[in-house]
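One structure below.
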Amino acid sequence: MNKPLRRIAIFCGILMLTLLIRDNWLQYVKADSLKDDPKNRRVLIARYAVPRGDIIVGGDPITGYTETSGDFKYKRTYKDGAMWAPVTGFVSQAYGANQLESINDGILSGTDDRLFFRNTLDMITGKKKQGGNVVTTLNAAAQKAAYQGLKNQGGKGAVAAIEPSTGKILALASFPSYDPSTIAGGSTSDEEAWDKLQKKNNPDDPMLNRALREVYPPGSTFKVVTAAAALENGLYTDADAATKTPLPWTMPGTTTVLKNEGNIPCKNATLRVALQWSCNTVFGKIGSDLGNDKMLDEAKKFGFTEEQFTPVRTSASVFSEDMAPSEVALSSIGQFNTAATPLQMAMVASAVANDGTLMKPYMVDSVQTHNLDPLEKTEPEELSKPLSAENAQILQSMMETVVEDGTGKKARIDGVKVGGKTGTAQHGVDNSENPYAWFISYAKAEDGSSPVAVAVVIEDENAVRDDISGGGLAAPIAKSVMEAVINSEK
């Protein structure tokens with residue numbers, strides 16, 4: 001071979017080698033990133049070319065699909081979409097997905113590797129490919145009670161309900177809400193609906209999942225955590241023994257007297273009476289006496305300072321470190337920097353009801369193929385033990401007094417033992433804004449087990465500045481949720 005031909009052959013060989021390297025780079029190294037690239041329209045077309053699997057509550061789907069014209073053959077539909085949006089999230093041909101729709105997209109869209117055998121079998125038998133299903137832990141009656149309660153109240157708010165023995169989330173409601181069906185497509189009407197839902201155009205922020213993502217000052221409901229800290233650290237061991245709480249009580253390092261709401265019996269009050277009437281002085285002094293480290297440690301045992309994954313991510317609830325004694329006092333009554341999601345406060349009530357054991361909250365019971373073959377099941381998991389069983393039972397008796405003969409009377413249920421705690425959380429500069437009304441509670445069955453623990457928060461312009469607002473606005477909603485769970489188990 002002469003020299004020019006040899007050079008041409010070598011050059012062609014280099015070109016072929018380069019093409020092979022490039023081809024392998026695209027197929028094996030860049031395949032996943034190209035597949036997931038939002039600009040790859042073929043992936044989106046394939047994603048919406050098959051019917052999407054369902055999200056299921058109590059054996060019934062709360063989602064569906066409909067055929068459309070154009071490149072995307074199917075789009076998502078929702079039943080009672082606004083009620084279930086805090087659970088499902090949305091999936092949209094134009095705006096992607098969030099919450100369960102996003103986390104479980106592989107199962108629902110039929111692209112998860114665990115569906116390979118099922119999809120292959122369907123292809124052989126000539127069946128149409130379909131996505132798998134996500135089975136939730138939610139209770140339809142409890143969810144309806146929670147959502148309708150918030151809607152009837154008229155303000156903003158949220159409800160979270162948990163089964164204490166397992167951590168199953170039974171209700172997760174947020175108001176105002178939105179219907180994910182209105183943004184599921186890619187049309188002009190979907191674009192208009194999306195724009196109307198954005199916070200910049202809608203101050204009510206209906207797409208905010210207040211049950212999981214909003215943190216509120218918990219007000220006096222946090223006194224349950226403070227009482228637990230007092231019992232666990234041996235500061236007090238008897239719910240009916242007098243505490244060392246003068247009246248008035250000046251916060252250490254200041255000349256500021258911590259005030260109670262109204263003329264209530266707080267001087268040297270017992271833990272039971274202090275929780276019954278929500279004495280700021282008693283619980284503020286407990287927090288100050290225990291100190292920042294012990295209070296922070298107890299708050300962490302209940303789940304504060306960490307995000308939870310249900311599997312939808314929650315915001316982390318807040319209890320600060322490195323605070324002055326007066327700041328610890330205020331934090332111990334649910335003010336200062338203390339802040340919590342409704343799910344977090346449901347976890348507090350749940351741990352007390354479950355004899356001191358806190359179970360990890362979760363809302364997906366299992367995932368399955370479209371023909372109901374199981375693929376994965378969630379097993380209950382212990383998250384922590386904030387209280388001993390003995391101390392939890394002491395705290396239960398205190399919370400039950402709150403409902404039987406204290407500020408939580410509107411949560412009473414005939415024939416059912418209910419424990420609870422009301423709360424009013426001040427906020428705004430110099431507490432200038434109207435307070436949030438809180439109520440946390442649990443119900444006990446005759447055998448001593450607890451089928452449900454609930455937290456309710458209401459942002460309402462009509463809330464009054466005392467703990468009765470929690471009892472007046474939030475407690476009736478908690479009662480209706482607990483009744484729904486109890487009645488559904490009969």
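Scheme for the structure tokens: letters A, B, ... for chains in order shown; per-chain residue numbers from 1; ligand numbers from 1 in order shown.
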
So that I can see what lies close to range 365-372 of chain A, please list as a PyMOL selection string the residues with an atom at most 9 Å from it, counting only C-alpha atoms and leaving out residues fewer than 2 positions away in the same chain.
chain A and resi 53-54+104+107-108+110+114-115+118+130-138+168+362-363+374-379

Restrict the calculation to only C-alpha atoms, then for each residue of range 117-186 of chain A with any atom at most 12 Å from an atom of range 193-208 of chain A give the closest atom pair and their distance in Å to one decimal, rows by chain and rising residue number, as a Markdown table.
```
| residue | atom | partner | partner_atom | distance |
| --- | --- | --- | --- | --- |
| A:Gly154 | CA | A:Asp204 | CA | 12.0 |
| A:Gly155 | CA | A:Asp204 | CA | 9.7 |
| A:Lys156 | CA | A:Asp204 | CA | 7.8 |
| A:Gly157 | CA | A:Leu208 | CA | 10.6 |
| A:Ala158 | CA | A:Leu208 | CA | 10.4 |
| A:Ala173 | CA | A:Leu208 | CA | 11.0 |
| A:Ser174 | CA | A:Leu208 | CA | 8.0 |
| A:Phe175 | CA | A:Pro206 | CA | 7.0 |
| A:Pro176 | CA | A:Pro206 | CA | 5.0 |
| A:Ser177 | CA | A:Pro206 | CA | 4.5 |
| A:Tyr178 | CA | A:Pro206 | CA | 5.9 |
| A:Asp179 | CA | A:Met207 | CA | 9.4 |
| A:Pro180 | CA | A:Met207 | CA | 9.4 |
| A:Ser181 | CA | A:Ala193 | CA | 9.9 |
| A:Thr182 | CA | A:Ala193 | CA | 6.3 |
| A:Ile183 | CA | A:Trp194 | CA | 6.1 |
| A:Ala184 | CA | A:Trp194 | CA | 9.6 |
| A:Gly185 | CA | A:Trp194 | CA | 10.5 |
| A:Gly186 | CA | A:Trp194 | CA | 10.3 |
```

Taking only range 397-447 of chain A into account, list the residues labelled alpha helix (DSSP H) by DSSP (computed from the backbone), as a PyMOL selection string.
chain A and resi 397-405

Practice task
Using only C-alpha atoms, determine which residues lie at most 6 Å from range 328-337 of chain A, disregarding the query and same-chain residues fewer than 6 positions distant; provide the list as a list in words.
Solution key: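 My list of contacting residues is Pro217, Pro218, Gly219, Ser220, Phe222, Lys223, Thr226, Gly284, Gly287, Ser288 and Asn292 of chain A.
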
Of A:Arg7, A:Arg41, A:Lys285, A:Lys410, the one nearest to Leu258 in chain A when counting only C-alpha atoms is A:Lys285

Non-local contacts of Ser315 in chain A (8 Å; only C-alpha atoms; under 2 positions in same chain excluded) as a CSV table (one decimal) with N, CA and C atoms, in the first residue's frame:
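Heads up, here's the output in part_34.csv:
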```csv
chain,number,residue,atom,x,y,z
A,212,LEU,N,-47.9,19.2,55.8
A,212,LEU,CA,-46.6,18.7,55.8
A,212,LEU,C,-45.5,19.8,55.6
A,213,ARG,N,-45.8,20.8,55.0
A,213,ARG,CA,-44.8,21.8,54.6
A,213,ARG,C,-44.8,23.1,55.4
A,214,GLU,N,-45.9,23.4,56.0
A,214,GLU,CA,-46.0,24.7,56.7
A,214,GLU,C,-45.7,24.5,58.2
A,215,VAL,N,-44.8,25.3,58.8
A,215,VAL,CA,-44.5,25.2,60.2
A,215,VAL,C,-45.1,26.4,60.9
A,306,GLU,N,-35.9,17.5,62.5
A,306,GLU,CA,-35.6,16.6,61.4
A,306,GLU,C,-36.7,16.6,60.4
A,307,GLU,N,-36.4,16.5,59.1
A,307,GLU,CA,-37.5,16.3,58.1
A,307,GLU,C,-38.0,14.8,58.3
A,308,GLN,N,-39.2,14.6,58.0
A,308,GLN,CA,-39.8,13.3,57.9
A,308,GLN,C,-40.1,12.9,56.4
A,313,ARG,N,-41.7,14.4,51.5
A,313,ARG,CA,-40.9,15.1,52.5
A,313,ARG,C,-41.7,16.1,53.3
A,317,SER,N,-39.6,20.5,61.9
A,317,SER,CA,-40.1,21.3,63.0
A,317,SER,C,-38.9,21.8,63.8
A,341,THR,N,-45.0,21.4,62.1
A,341,THR,CA,-46.0,21.1,61.1
A,341,THR,C,-47.1,20.4,61.9
```

Checklist entry - Could you name the residues that touch Val273 in chain A at 9 Å or less, counting only C-alpha atoms, but leaving out those on the same chain fewer than 4 positions away, as a ChimeraX atom specification? => result /A:239-240,265-266,269,277-279,398,401-402,406

Practice task
Extract the full set of strand (DSSP E or B) residues from range 34-246 of chain A according to DSSP on the backbone, and format it as a PyMOL selection string.
Solution key: chain A and resi 55-57+60-61+63-67+74-78+91-92+96-97+133-136+156-162+168-175+216+242

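For Gly471 in chain A, the set of protein, DNA and RNA residues having any atom at most 9 Å away, when counting only C-alpha atoms and skipping those fewer than 2 positions along the same chain, is Thr407, Gly408, Lys409, Lys410, Ala411, Lys421, Thr422, Gly423, Ala437, Trp438, Phe439, Asp467, Ile468, Ser469, Leu473, Ala474, Ala475 and Pro476 of chain A.
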
Would you kindly return, as a list in words, each protein, DNA or RNA residue with an atom no farther than 12 Å from any atom of Ile103 in chain A, considering only C-alpha atoms and excluding same-chain residues fewer than 3 positions away?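 The residues satisfying every condition are Val87, Thr88, Gly89, Phe90, Val91, Gly96, Ala97, Asn98, Gln99, Leu100, Gly106, Ile107, Leu108, Ser109, Asp112, Val134, Phe309, Thr310, Pro311, Val312, Arg313, Val364 and Val367 of chain A.
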
A straight line from CA of Ala227 in chain A to CA of Ala453 in chain A spans 18.0 Å
